[in-house]
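J.: Dropping in entry-v2.cif, which is mmCIF, C-alpha atoms:
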data_start
loop_
_atom_site.label_atom_id
_atom_site.label_comp_id
_atom_site.auth_asym_id
_atom_site.auth_seq_id
_atom_site.Cartn_x
_atom_site.Cartn_y
_atom_site.Cartn_z
CA MET A 1 -12.67 -127.33 -25.58
CA ASN A 2 -16.43 -127.53 -25.93
CA GLN A 3 -18.17 -127.10 -29.28
CA MET A 4 -19.48 -123.62 -28.50
CA GLN A 5 -15.98 -122.29 -27.91
CA ASN A 6 -14.82 -124.23 -30.93
CA PHE A 7 -17.43 -122.42 -33.02
CA THR A 8 -17.00 -118.90 -31.68
CA LYS A 9 -13.21 -118.83 -31.69
CA GLY A 10 -13.30 -118.06 -35.43
CA PHE A 11 -14.97 -114.69 -34.92
CA ILE A 12 -12.66 -112.69 -32.66
CA LYS A 13 -10.19 -114.80 -30.69
CA GLU A 14 -8.76 -116.75 -33.62
CA ASN A 15 -10.26 -114.81 -36.51
CA PRO A 16 -8.60 -116.20 -39.64
CA VAL A 17 -8.03 -112.76 -41.16
CA PHE A 18 -7.36 -110.50 -38.20
CA VAL A 19 -5.49 -112.87 -35.89
CA LEU A 20 -4.24 -115.88 -37.85
CA LEU A 21 -3.55 -113.72 -40.94
CA LEU A 22 -4.51 -116.53 -43.28
CA GLY A 23 -5.95 -116.12 -46.77
CA MET A 24 -4.62 -112.61 -47.37
CA CYS A 25 -4.80 -112.88 -51.15
CA PRO A 26 -8.61 -113.00 -51.52
CA THR A 27 -8.94 -110.76 -48.46
CA LEU A 28 -7.12 -107.92 -50.15
CA GLY A 29 -8.34 -108.70 -53.65
CA VAL A 30 -12.11 -108.97 -53.41
CA THR A 31 -13.03 -106.60 -50.60
CA SER A 32 -13.62 -103.53 -52.75
CA SER A 33 -17.26 -103.71 -51.68
CA ALA A 34 -19.18 -105.27 -48.81
CA PHE A 35 -21.20 -107.48 -51.15
CA ASN A 36 -18.14 -108.97 -52.83
CA GLY A 37 -16.59 -109.65 -49.44
CA LEU A 38 -19.70 -111.44 -48.21
CA GLY A 39 -20.03 -113.54 -51.37
CA MET A 40 -16.40 -114.59 -51.28
CA GLY A 41 -16.67 -115.35 -47.56
CA LEU A 42 -19.71 -117.58 -47.99
CA ALA A 43 -18.18 -119.46 -50.95
CA THR A 44 -15.05 -120.06 -48.86
CA THR A 45 -17.19 -121.18 -45.91
CA PHE A 46 -18.85 -123.83 -48.05
CA VAL A 47 -15.52 -125.16 -49.31
CA LEU A 48 -14.04 -125.05 -45.82
CA VAL A 49 -16.90 -126.99 -44.22
CA MET A 50 -16.97 -129.60 -46.99
CA SER A 51 -13.21 -130.11 -47.07
CA ASN A 52 -12.96 -130.27 -43.26
CA LEU A 53 -15.72 -132.86 -43.29
CA VAL A 54 -14.13 -135.09 -45.92
CA ILE A 55 -10.62 -134.73 -44.57
CA SER A 56 -11.58 -135.65 -41.03
CA LEU A 57 -13.30 -138.72 -42.48
CA VAL A 58 -10.36 -139.92 -44.54
CA LYS A 59 -7.53 -138.77 -42.27
CA ASN A 60 -6.74 -142.28 -41.07
CA VAL A 61 -6.40 -143.88 -44.48
CA ILE A 62 -4.10 -141.24 -45.94
CA PRO A 63 -0.39 -141.84 -45.36
CA SER A 64 1.13 -138.75 -43.76
CA LYS A 65 3.73 -138.23 -46.48
CA VAL A 66 1.11 -137.65 -49.17
CA ARG A 67 -1.48 -135.89 -47.03
CA ILE A 68 -0.85 -132.37 -48.42
CA PRO A 69 -1.30 -133.34 -52.10
CA SER A 70 -4.37 -135.37 -51.18
CA PHE A 71 -5.88 -132.43 -49.25
CA ILE A 72 -5.23 -130.07 -52.15
CA VAL A 73 -6.95 -132.39 -54.62
CA ILE A 74 -9.97 -132.66 -52.30
CA ILE A 75 -10.13 -128.89 -51.83
CA ALA A 76 -9.69 -128.19 -55.55
CA ALA A 77 -12.50 -130.60 -56.38
CA PHE A 78 -14.90 -128.76 -54.05
CA VAL A 79 -13.86 -125.38 -55.43
CA THR A 80 -14.58 -126.52 -58.97
CA VAL A 81 -17.96 -127.86 -57.87
CA VAL A 82 -18.77 -124.44 -56.37
CA GLU A 83 -17.56 -122.67 -59.51
CA LEU A 84 -19.62 -124.79 -61.89
CA THR A 85 -22.74 -124.68 -59.73
CA MET A 86 -22.52 -120.92 -59.29
CA GLN A 87 -21.98 -120.42 -63.01
CA ALA A 88 -25.03 -122.50 -63.81
CA TYR A 89 -27.52 -121.32 -61.21
CA LEU A 90 -26.28 -117.93 -59.91
CA PRO A 91 -24.82 -116.30 -63.03
CA SER A 92 -25.04 -112.75 -61.66
CA LEU A 93 -23.07 -113.60 -58.52
CA PHE A 94 -20.59 -115.53 -60.64
CA GLU A 95 -20.08 -112.46 -62.78
CA SER A 96 -18.82 -110.41 -59.86
CA LEU A 97 -16.90 -113.19 -58.08
CA GLY A 98 -15.95 -115.50 -60.94
CA LEU A 99 -12.36 -114.36 -61.08
CA PHE A 100 -11.80 -115.04 -57.41
CA ILE A 101 -13.44 -118.45 -57.00
CA PRO A 102 -10.40 -120.40 -58.27
CA LEU A 103 -8.37 -118.45 -55.71
CA ILE A 104 -10.07 -120.40 -52.92
CA VAL A 105 -7.90 -123.39 -53.87
CA VAL A 106 -4.77 -121.49 -52.91
CA ASN A 107 -6.39 -119.84 -49.91
CA CYS A 108 -4.13 -121.09 -47.15
CA LEU A 109 -7.03 -120.76 -44.71
CA VAL A 110 -8.65 -123.87 -46.19
CA LEU A 111 -5.48 -125.94 -46.31
CA GLY A 112 -4.43 -124.51 -42.95
CA ARG A 113 -7.58 -125.70 -41.20
CA ALA A 114 -7.39 -129.07 -42.97
CA GLU A 115 -3.82 -129.57 -41.81
CA ALA A 116 -4.02 -128.01 -38.36
CA PHE A 117 -7.48 -129.10 -37.30
CA ALA A 118 -9.45 -131.52 -39.44
CA SER A 119 -6.59 -134.01 -39.78
CA LYS A 120 -6.32 -134.26 -35.99
CA ASN A 121 -9.92 -133.99 -34.79
CA ASN A 122 -13.13 -135.93 -35.15
CA LEU A 123 -15.92 -135.29 -37.61
CA VAL A 124 -18.19 -133.07 -35.47
CA SER A 125 -15.38 -130.85 -34.17
CA SER A 126 -14.03 -130.44 -37.70
CA LEU A 127 -17.45 -129.47 -39.03
CA VAL A 128 -17.96 -126.92 -36.27
CA ASP A 129 -14.43 -125.58 -36.77
CA GLY A 130 -14.99 -125.21 -40.50
CA LEU A 131 -18.29 -123.42 -39.99
CA GLY A 132 -16.91 -121.08 -37.30
CA MET A 133 -13.75 -120.27 -39.23
CA GLY A 134 -15.69 -119.78 -42.45
CA LEU A 135 -18.21 -117.44 -40.87
CA GLY A 136 -15.40 -115.58 -39.12
CA PHE A 137 -13.70 -115.20 -42.48
CA SER A 138 -16.96 -113.96 -44.05
CA PHE A 139 -17.43 -111.53 -41.16
CA ALA A 140 -13.91 -110.16 -41.59
CA LEU A 141 -14.23 -109.82 -45.36
CA THR A 142 -17.63 -108.12 -45.10
CA LEU A 143 -16.32 -105.70 -42.46
CA LEU A 144 -13.27 -104.88 -44.55
CA GLY A 145 -15.37 -104.55 -47.71
CA ALA A 146 -17.93 -102.31 -45.98
CA ALA A 147 -15.20 -100.04 -44.55
CA ARG A 148 -13.50 -99.69 -47.93
CA GLU A 149 -16.75 -99.18 -49.81
CA PHE A 150 -17.85 -96.55 -47.27
CA LEU A 151 -14.58 -94.61 -47.30
CA GLY A 152 -14.05 -95.00 -51.02
CA SER A 153 -17.43 -94.36 -52.54
CA GLY A 154 -19.73 -93.38 -49.66
CA LYS A 155 -21.84 -96.51 -49.91
CA ILE A 156 -22.41 -99.68 -47.91
CA PHE A 157 -24.01 -102.63 -49.74
CA ASP A 158 -24.66 -100.15 -52.59
CA ILE A 159 -26.80 -97.94 -50.31
CA ALA A 160 -25.54 -94.37 -50.52
CA ILE A 161 -24.51 -92.83 -47.19
CA PHE A 162 -22.88 -89.69 -48.50
CA PRO A 163 -22.36 -88.41 -52.08
CA GLU A 164 -19.86 -90.43 -54.07
CA ASP A 165 -17.92 -87.32 -55.09
CA TYR A 166 -16.53 -87.02 -51.56
CA GLY A 167 -15.27 -90.60 -51.49
CA MET A 168 -11.54 -91.22 -51.16
CA LEU A 169 -10.73 -93.30 -54.20
CA LEU A 170 -7.59 -94.65 -52.57
CA PHE A 171 -9.65 -96.97 -50.37
CA VAL A 172 -11.23 -98.78 -53.31
CA LEU A 173 -7.78 -99.42 -54.78
CA ALA A 174 -5.15 -101.86 -53.51
CA PRO A 175 -3.32 -99.53 -51.08
CA GLY A 176 -6.62 -98.82 -49.31
CA ALA A 177 -7.01 -102.54 -48.64
CA PHE A 178 -3.69 -102.62 -46.79
CA ILE A 179 -4.44 -99.47 -44.81
CA VAL A 180 -7.92 -100.56 -43.69
CA LEU A 181 -6.70 -104.10 -42.92
CA GLY A 182 -3.87 -102.71 -40.80
CA TYR A 183 -6.21 -100.58 -38.71
CA LEU A 184 -8.72 -103.40 -38.28
CA ILE A 185 -5.98 -105.81 -37.13
CA ALA A 186 -4.80 -103.23 -34.61
CA LEU A 187 -8.34 -102.79 -33.34
CA ILE A 188 -9.00 -106.53 -32.98
CA ASN A 189 -5.69 -107.05 -31.22
CA ARG A 190 -6.62 -104.32 -28.75
CA LEU A 191 -9.97 -106.02 -28.14
CA ASN A 192 -8.31 -109.40 -27.65
CA LYS A 193 -5.89 -107.98 -25.06
CA ALA A 194 -8.57 -106.27 -23.06
CA MET B 1 -6.14 -143.03 -34.60
CA ALA B 2 -3.06 -144.79 -35.94
CA GLN B 3 -2.00 -143.21 -39.19
CA LYS B 4 -1.30 -145.45 -42.09
CA GLU B 5 2.35 -146.03 -42.80
CA SER B 6 3.89 -144.24 -45.77
CA THR B 7 5.12 -146.98 -48.01
CA PHE B 8 5.60 -146.61 -51.73
CA LEU B 9 2.56 -148.75 -52.43
CA SER B 10 0.23 -147.09 -49.93
CA MET B 11 1.20 -143.59 -51.11
CA THR B 12 0.72 -144.41 -54.78
CA LEU B 13 -2.54 -146.13 -54.13
CA THR B 14 -3.92 -143.33 -51.95
CA LEU B 15 -3.07 -140.61 -54.44
CA PHE B 16 -4.55 -142.68 -57.23
CA VAL B 17 -7.81 -143.25 -55.39
CA VAL B 18 -8.10 -139.62 -54.26
CA THR B 19 -7.57 -138.23 -57.76
CA LEU B 20 -9.85 -140.85 -59.28
CA VAL B 21 -12.72 -140.00 -56.94
CA ALA B 22 -12.18 -136.26 -57.44
CA ALA B 23 -12.12 -136.65 -61.23
CA THR B 24 -15.28 -138.75 -61.22
CA ILE B 25 -17.15 -136.20 -59.11
CA LEU B 26 -15.97 -133.34 -61.30
CA GLY B 27 -16.94 -135.13 -64.48
CA PHE B 28 -20.37 -135.77 -63.05
CA VAL B 29 -20.91 -132.17 -61.91
CA HIS B 30 -19.61 -130.85 -65.21
CA ASP B 31 -22.10 -132.99 -67.10
CA LEU B 32 -24.89 -131.91 -64.80
CA THR B 33 -24.24 -128.18 -65.11
CA LYS B 34 -23.07 -128.02 -68.73
CA GLU B 35 -26.48 -127.29 -70.20
CA ASP B 36 -27.47 -124.80 -67.53
CA ILE B 37 -24.21 -122.90 -67.97
CA ALA B 38 -24.72 -122.66 -71.73
CA LEU B 39 -28.31 -121.59 -71.10
CA ALA B 40 -27.28 -118.93 -68.58
CA LYS B 41 -24.68 -117.56 -70.98
CA GLN B 42 -27.18 -117.41 -73.82
CA LYS B 43 -29.76 -115.75 -71.59
CA ALA B 44 -27.23 -113.13 -70.55
CA GLN B 45 -26.46 -112.44 -74.20
CA GLU B 46 -30.13 -112.21 -75.15
CA LYS B 47 -30.78 -109.89 -72.26
CA ALA B 48 -27.91 -107.68 -73.36
CA ILE B 49 -29.24 -107.60 -76.93
CA GLU B 50 -32.71 -106.66 -75.70
CA SER B 51 -31.43 -103.90 -73.48
CA VAL B 52 -29.31 -102.20 -76.14
CA LEU B 53 -31.91 -102.17 -78.93
CA PRO B 54 -35.34 -100.54 -79.23
CA ALA B 55 -38.27 -102.98 -78.94
CA PHE B 56 -38.14 -105.61 -81.66
CA ASP B 57 -40.16 -108.61 -82.75
CA SER B 58 -37.61 -111.21 -83.81
CA LEU B 59 -33.89 -111.69 -84.17
CA GLY B 60 -32.43 -112.55 -87.57
CA ASP B 61 -29.51 -114.85 -88.16
CA ALA B 62 -26.39 -113.73 -86.37
CA TYR B 63 -23.33 -113.14 -88.54
CA LYS B 64 -19.65 -112.44 -87.96
CA LEU B 65 -17.48 -109.83 -89.63
CA LEU B 66 -13.81 -109.09 -89.35
CA PRO B 67 -13.09 -105.45 -88.45
CA GLU B 68 -10.42 -103.56 -90.41
CA ASP B 69 -8.25 -102.99 -87.39
CA GLY B 70 -8.50 -106.14 -85.33
CA ALA B 71 -7.69 -109.82 -85.42
CA ASP B 72 -10.95 -111.18 -84.04
CA SER B 73 -14.32 -110.85 -85.73
CA LEU B 74 -17.33 -109.05 -84.28
CA GLU B 75 -20.70 -110.70 -83.89
CA PHE B 76 -23.80 -109.03 -85.33
CA PHE B 77 -27.35 -109.73 -84.22
CA PRO B 78 -29.87 -108.01 -86.53
CA ALA B 79 -33.34 -107.40 -85.05
CA TYR B 80 -36.56 -107.00 -87.02
CA ASP B 81 -40.03 -105.70 -86.23
CA ALA B 82 -43.29 -107.50 -87.11
CA ASN B 83 -43.02 -106.37 -90.78
CA GLN B 84 -39.50 -107.74 -91.16
CA GLN B 85 -38.09 -104.20 -91.15
CA LEU B 86 -34.67 -103.81 -89.56
CA VAL B 87 -35.01 -101.89 -86.30
CA GLY B 88 -31.40 -102.17 -85.25
CA THR B 89 -28.38 -104.38 -84.94
CA ALA B 90 -26.69 -105.44 -81.74
CA VAL B 91 -22.93 -105.75 -82.16
CA LYS B 92 -20.75 -107.71 -79.81
CA THR B 93 -17.57 -105.70 -80.00
CA TYR B 94 -14.32 -105.62 -78.08
CA THR B 95 -11.14 -103.71 -77.42
CA LYS B 96 -7.80 -104.82 -76.12
CA ASN B 97 -6.75 -101.34 -74.97
CA GLY B 98 -8.44 -101.36 -71.58
CA PHE B 99 -6.46 -100.46 -68.48
CA SER B 100 -6.36 -104.20 -67.74
CA GLY B 101 -6.64 -105.44 -71.30
CA PHE B 102 -9.68 -107.01 -72.86
CA ILE B 103 -13.15 -105.44 -72.67
CA SER B 104 -16.20 -106.93 -74.37
CA ILE B 105 -19.20 -104.70 -75.08
CA MET B 106 -22.62 -105.25 -76.65
CA ALA B 107 -23.49 -102.11 -78.60
CA GLY B 108 -26.83 -101.36 -80.23
CA LEU B 109 -26.90 -99.56 -83.56
CA SER B 110 -29.96 -98.20 -85.35
CA PRO B 111 -30.08 -98.79 -89.14
CA GLU B 112 -28.63 -95.27 -89.53
CA GLY B 113 -25.78 -96.07 -87.19
CA ASP B 114 -26.97 -94.13 -84.12
CA ILE B 115 -25.96 -95.68 -80.83
CA THR B 116 -29.17 -97.00 -79.26
CA GLY B 117 -27.59 -98.54 -76.19
CA TYR B 118 -24.69 -100.50 -74.83
CA GLU B 119 -23.96 -103.08 -72.18
CA VAL B 120 -20.54 -104.05 -70.86
CA LEU B 121 -20.28 -107.83 -71.01
CA GLU B 122 -16.82 -108.51 -69.72
CA HIS B 123 -14.04 -106.38 -68.27
CA LYS B 124 -11.28 -106.37 -65.68
CA GLU B 125 -11.05 -102.61 -65.12
CA THR B 126 -10.34 -101.12 -61.71
CA PRO B 127 -13.39 -101.33 -59.43
CA GLY B 128 -14.66 -97.83 -58.62
CA LEU B 129 -12.76 -96.26 -61.52
CA GLY B 130 -12.92 -97.86 -64.95
CA SER B 131 -15.76 -100.14 -63.89
CA LYS B 132 -18.01 -97.08 -63.91
CA MET B 133 -18.20 -97.30 -67.69
CA GLY B 134 -21.29 -99.51 -67.36
CA ALA B 135 -23.36 -96.43 -66.43
CA TRP B 136 -21.17 -93.43 -67.28
CA PHE B 137 -21.77 -93.24 -71.02
CA LYS B 138 -25.55 -93.51 -70.77
CA ASP B 139 -26.19 -90.82 -68.16
CA GLU B 140 -28.99 -88.85 -69.84
CA ALA B 141 -28.56 -86.01 -67.36
CA LYS B 142 -25.04 -85.31 -68.60
CA PRO B 143 -25.09 -84.79 -72.38
CA LYS B 144 -21.31 -84.38 -72.54
CA GLN B 145 -20.71 -87.96 -71.45
CA ASN B 146 -23.88 -89.61 -72.80
CA ILE B 147 -23.38 -91.42 -76.13
CA LEU B 148 -26.92 -92.73 -76.59
CA GLY B 149 -28.71 -91.41 -79.66
CA LYS B 150 -25.48 -90.03 -81.08
CA ASN B 151 -23.95 -91.04 -84.37
CA PRO B 152 -20.18 -91.51 -84.68
CA SER B 153 -20.30 -89.81 -88.10
CA THR B 154 -21.52 -86.52 -86.63
CA THR B 155 -20.19 -86.72 -83.07
CA LYS B 156 -16.49 -87.17 -82.56
CA PHE B 157 -16.23 -90.37 -80.51
CA GLN B 158 -13.04 -89.49 -78.71
CA VAL B 159 -12.47 -88.28 -75.16
CA SER B 160 -12.40 -84.50 -74.81
CA LYS B 161 -8.75 -84.63 -73.77
CA ASP B 162 -7.96 -86.00 -77.25
CA GLY B 163 -10.12 -83.37 -78.95
CA GLY B 164 -13.29 -85.46 -79.08
CA ASP B 165 -16.84 -84.74 -77.98
CA VAL B 166 -17.23 -87.23 -75.14
CA ASP B 167 -16.21 -86.59 -71.54
CA ALA B 168 -14.01 -89.35 -70.14
CA ILE B 169 -14.72 -91.07 -66.83
CA THR B 170 -13.02 -89.10 -64.06
CA ALA B 171 -9.54 -90.53 -63.47
CA SER B 172 -10.11 -93.30 -66.04
CA THR B 173 -9.11 -91.80 -69.37
CA ILE B 174 -7.53 -95.05 -70.57
CA THR B 175 -10.68 -97.06 -69.92
CA SER B 176 -12.77 -94.37 -71.62
CA ARG B 177 -10.53 -94.38 -74.69
CA ALA B 178 -10.75 -98.18 -74.86
CA PHE B 179 -14.52 -98.09 -74.45
CA LEU B 180 -14.95 -95.60 -77.30
CA ASP B 181 -12.48 -97.62 -79.39
CA ALA B 182 -14.74 -100.66 -79.06
CA VAL B 183 -17.90 -98.71 -79.91
CA VAL B 184 -16.30 -97.02 -82.92
CA ARG B 185 -15.02 -100.40 -84.14
CA ALA B 186 -18.58 -101.75 -84.03
CA TYR B 187 -19.87 -98.70 -85.93
CA LYS B 188 -17.18 -98.77 -88.63
CA THR B 189 -17.51 -102.49 -89.26
CA TYR B 190 -21.28 -102.12 -89.40
CA GLN B 191 -21.10 -99.22 -91.87
CA ALA B 192 -18.63 -101.09 -94.08
CA SER B 193 -20.91 -104.11 -94.23
CA ALA B 194 -23.97 -101.93 -94.86
CA GLU B 195 -22.20 -100.39 -97.87
CA ASP B 196 -21.33 -103.83 -99.15
CA GLN B 197 -24.91 -104.90 -98.81
CA THR B 198 -26.30 -101.90 -100.68
CA GLN B 199 -23.89 -102.57 -103.51
CA ALA B 200 -25.01 -106.16 -103.66
CA SER B 201 -28.62 -105.21 -103.05
CA ASN B 202 -31.62 -107.37 -103.92
CA HIS B 203 -29.56 -110.48 -103.49
CA THR B 204 -30.93 -111.18 -100.07
CA SER B 205 -34.61 -111.35 -99.33
CA LYS B 206 -34.16 -109.77 -95.92
CA GLY B 207 -32.89 -106.46 -97.28
CA GLY B 208 -34.18 -103.63 -95.18
CA GLN B 209 -30.84 -101.84 -94.95
CA SER B 210 -31.36 -98.16 -95.42
#
Would you mind writing the file out in structure tokens?

T.:
Amino acid sequence: MNQMQNFTKGFIKENPVFVLLLGMCPTLGVTSSAFNGLGMGLATTFVLVMSNLVISLVKNVIPSKVRIPSFIVIIAAFVTVVELTMQAYLPSLFESLGLFIPLIVVNCLVLGRAEAFASKNNLVSSLVDGLGMGLGFSFALTLLGAAREFLGSGKIFDIAIFPEDYGMLLFVLAPGAFIVLGYLIALINRLNKA
Amino acid sequence: MAQKESTFLSMTLTLFVVTLVAATILGFVHDLTKEDIALAKQKAQEKAIESVLPAFDSLGDAYKLLPEDGADSLEFFPAYDANQQLVGTAVKTYTKNGFSGFISIMAGLSPEGDITGYEVLEHKETPGLGSKMGAWFKDEAKPKQNILGKNPSTTKFQVSKDGGDVDAITASTITSRAFLDAVVRAYKTYQASAEDQTQASNHTSKGGQS
């Protein structure tokens, strides 16, 4: 597989949210608005790229029986670095995402890519995979967030499209996340078959 | 590509090294960001104080008071103009009755106890429902839900459903009740302390309570 395919597979063909169904917890939790989805996606992308990078570097010195705990420690360290840095230098973004940052540790997307890809491939492929998967994840979360924000409150990225009074509140709440996600998965699957 | 063998020694050693490196990096980053985080938090608090009070010249010493009906104390930030006259007091108040528990609010009180402004500092209310409280209660266009400029001694700070004078956020009565609970707690504690201070008047040079 060449690097271009390796990069683009994260968007549609192997989209982590719509096709691999990884990382559902933050996907459903934070996507009440497009902005939150994008922020969470980018934070996850950073962690994913960094952890893929380190894990592909150290994969040969880690005995296979302790690889999962080692990966988790590496991922958790990066998440905490992101959390502290964001808190110090981007306090307003931290305010809206703070609760969800620690969730990246348990996002099975990150561990999944570490286990399924970075621990078997070389440095460059792992980097490209992390970037592609991360951006695919961001794309999916932003799409989901935008759809829910639009249906729920008539806005996208806080720009009013129609008056808020006509919004269907359901879509901002948890059940709306499942409904919108279901329809988006169906749509992507249709596209992938075509 | 040969993987290292999983012996007791190699596993122990690997885990030790991995955790050691991670801990070192975290300690380093923590040290690096500690000051900036404290600074950002303080800035956020100062900004909240500024936004809830009318223009002031300097902030006096902050003090803490225990409310009658709560376990944790409230923080008071008195603000003075150029002549050392009290222009208002920002109160960091809280409630535990939110739809998802704890809500922290910075409320501004004039010396007479009128609400001059408020800012929600911390909450976990439902996005799109309870989270609207940040703007709902200061909508000047809707006097029935606006609390700015009103005094809890003349206006009944309860949601209209409970017989009060303030319209609750649509579909978020619980959040609205909790919000008003926090504001009223700030007002009551402030009034109680103001009475104490008038009784013990002339003891402090700052004075200025009217």

J.: Identify every residue of chain B that has at least one atom within 10 Å of any atom of chain A, counting all atoms listed in the file, and report the result as a PyMOL selection string.

T.: chain B and resi 1-8+10-19+21-30+32-41+43-44+121-122+124+126-129+171

J.: Identify, on the basis of all atoms listed in the file, every residue whose closest approach to Ile49 (chain B) does not exceed 12 Å; exclude the query and any residue fewer than 2 positions from it along the same chain; express the result as a ChimeraX atom specification.

T.: /B:42-47,51-56,58-59,62,75-79,88-92,105-109,116-121

J.: To one decimal place in Å, what is the distance between CA of Gly149 (chain B) and CA of Ala186 (chain B)?

T.: 15.1 Å

J.: Give the answer as one residue: which of A:Gly112, A:Gly23, A:Gly136, A:Gly145 has the shortest atom-to-atom distance to Asn36 (chain A), using all atoms listed in the file?

T.: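 For Asn36 (chain A), the nearest of the given residues is A:Gly145.
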
J.: List, as an mmCIF file with C-alpha atoms, in the coordinates of the input, every residue that the PyMOL selection byres ((chain A and resi 103) around 10) selects in the file provided.

T.:
data_model
loop_
_atom_site.group_PDB
_atom_site.id
_atom_site.type_symbol
_atom_site.label_atom_id
_atom_site.label_comp_id
_atom_site.auth_asym_id
_atom_site.auth_seq_id
_atom_site.Cartn_x
_atom_site.Cartn_y
_atom_site.Cartn_z
ATOM 1 C CA GLY A 23 -5.950 -116.120 -46.770
ATOM 2 C CA CYS A 25 -4.800 -112.880 -51.150
ATOM 3 C CA PRO A 26 -8.610 -113.000 -51.520
ATOM 4 C CA GLY A 29 -8.340 -108.700 -53.650
ATOM 5 C CA MET A 40 -16.400 -114.590 -51.280
ATOM 6 C CA THR A 44 -15.050 -120.060 -48.860
ATOM 7 C CA ALA A 76 -9.690 -128.190 -55.550
ATOM 8 C CA VAL A 79 -13.860 -125.380 -55.430
ATOM 9 C CA GLY A 98 -15.950 -115.500 -60.940
ATOM 10 C CA LEU A 99 -12.360 -114.360 -61.080
ATOM 11 C CA PHE A 100 -11.800 -115.040 -57.410
ATOM 12 C CA ILE A 101 -13.440 -118.450 -57.000
ATOM 13 C CA PRO A 102 -10.400 -120.400 -58.270
ATOM 14 C CA ILE A 104 -10.070 -120.400 -52.920
ATOM 15 C CA VAL A 105 -7.900 -123.390 -53.870
ATOM 16 C CA VAL A 106 -4.770 -121.490 -52.910
ATOM 17 C CA ASN A 107 -6.390 -119.840 -49.910
ATOM 18 C CA CYS A 108 -4.130 -121.090 -47.150
#

J.: Measure the distance from CA of Ile169 (chain B) to CA of Glu112 (chain B) in Å and round it to one decimal.

T.: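 Separation of CA of Ile169 (chain B) and CA of Glu112 (chain B): 27.0 Å.
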
J.: Around all the atoms of region 169-179 of chain A listed in the file, draw an axis-aligned box and extend it by 3 Å on each of the six sides; I want its centre and edge lengths in Å to one decimal, as lines of an AutoDock Vina configuration file.

T.:
center_x = -7.3
center_y = -98.0
center_z = -49.8
size_x = 13.9
size_y = 15.3
size_z = 16.0

J.: Enter the distance from CA of Gln84 (chain B) to CA of Thr189 (chain B), in Å, rounded to one decimal.

T.: 22.7 Å

J.: Residue by residue, what does the PyMOL selection byres ((chain A and resi 147) around 10) grab here? Present the result as a list in words.

T.: Thr31, Ser32, Ser33, Ala34, Leu141, Thr142, Leu143, Leu144, Gly145, Ala146, Arg148, Glu149, Phe150, Leu151, Gly152, Gly154, Lys155, Ile156, Phe171, Val172, Gly176, Ala177, Val180, Leu181 and Leu184 of chain A

J.: Excluding Ala114 (chain A) and residues on its chain fewer than 2 positions from it, collect all residues at most 9 Å away from it, counting all atoms listed in the file, and give them as a PyMOL selection string.

T.: chain A and resi 48+51-52+55-56+71+109-112+116-120+126+130

J.: Nearest residue to Ala43 (chain A) out of A:Leu97, A:Ile179, A:Ala140, A:Ile185, using only C-alpha atoms?

T.: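 Closest to Ala43 (chain A), using only C-alpha atoms: A:Leu97.
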
J.: Please enumerate the residues selected by the PyMOL selection byres ((chain B and resi 183) around 9) when evaluated against the supplied file, formatted as a PDB file with C-alpha atoms, in the coordinates of the input.

T.:
ATOM      1  CA  VAL B  91     -22.930-105.750 -82.160  1.00  0.00           C
ATOM      2  CA  THR B  93     -17.570-105.700 -80.000  1.00  0.00           C
ATOM      3  CA  TYR B  94     -14.320-105.620 -78.080  1.00  0.00           C
ATOM      4  CA  THR B  95     -11.140-103.710 -77.420  1.00  0.00           C
ATOM      5  CA  ILE B 105     -19.200-104.700 -75.080  1.00  0.00           C
ATOM      6  CA  MET B 106     -22.620-105.250 -76.650  1.00  0.00           C
ATOM      7  CA  ALA B 107     -23.490-102.110 -78.600  1.00  0.00           C
ATOM      8  CA  ILE B 115     -25.960 -95.680 -80.830  1.00  0.00           C
ATOM      9  CA  TYR B 118     -24.690-100.500 -74.830  1.00  0.00           C
ATOM     10  CA  PRO B 152     -20.180 -91.510 -84.680  1.00  0.00           C
ATOM     11  CA  PHE B 157     -16.230 -90.370 -80.510  1.00  0.00           C
ATOM     12  CA  ALA B 178     -10.750 -98.180 -74.860  1.00  0.00           C
ATOM     13  CA  PHE B 179     -14.520 -98.090 -74.450  1.00  0.00           C
ATOM     14  CA  LEU B 180     -14.950 -95.600 -77.300  1.00  0.00           C
ATOM     15  CA  ASP B 181     -12.480 -97.620 -79.390  1.00  0.00           C
ATOM     16  CA  ALA B 182     -14.740-100.660 -79.060  1.00  0.00           C
ATOM     17  CA  VAL B 184     -16.300 -97.020 -82.920  1.00  0.00           C
ATOM     18  CA  ARG B 185     -15.020-100.400 -84.140  1.00  0.00           C
ATOM     19  CA  ALA B 186     -18.580-101.750 -84.030  1.00  0.00           C
ATOM     20  CA  TYR B 187     -19.870 -98.700 -85.930  1.00  0.00           C
ATOM     21  CA  LYS B 188     -17.180 -98.770 -88.630  1.00  0.00           C
TER      22      LYS B 188
END

J.: Pick the closest to Leu21 (chain A) from A:Tyr183, A:Phe157, A:Phe137, A:Phe162: which is it, counting all atoms listed in the file?

T.: A:Phe137

J.: Find, counting all atoms listed in the file, the residue in A:Ile161, A:Leu131, A:Ile188, A:Gly167 that gets nearest to Asn6 (chain A).

T.: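 Ranking A:Ile161, A:Leu131, A:Ile188, A:Gly167 by distance to Asn6 (chain A), first place goes to A:Leu131.
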
J.: Excluding same-chain residues fewer than 4 positions from Asn2 (chain A), what lies within 12 Å of it counting all atoms listed in the file, as a list in words?

T.: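 In the requested format, the answer is Asn6, Phe7, Thr8, Lys9, Val124, Ser125, Val128 and Asp129 of chain A.
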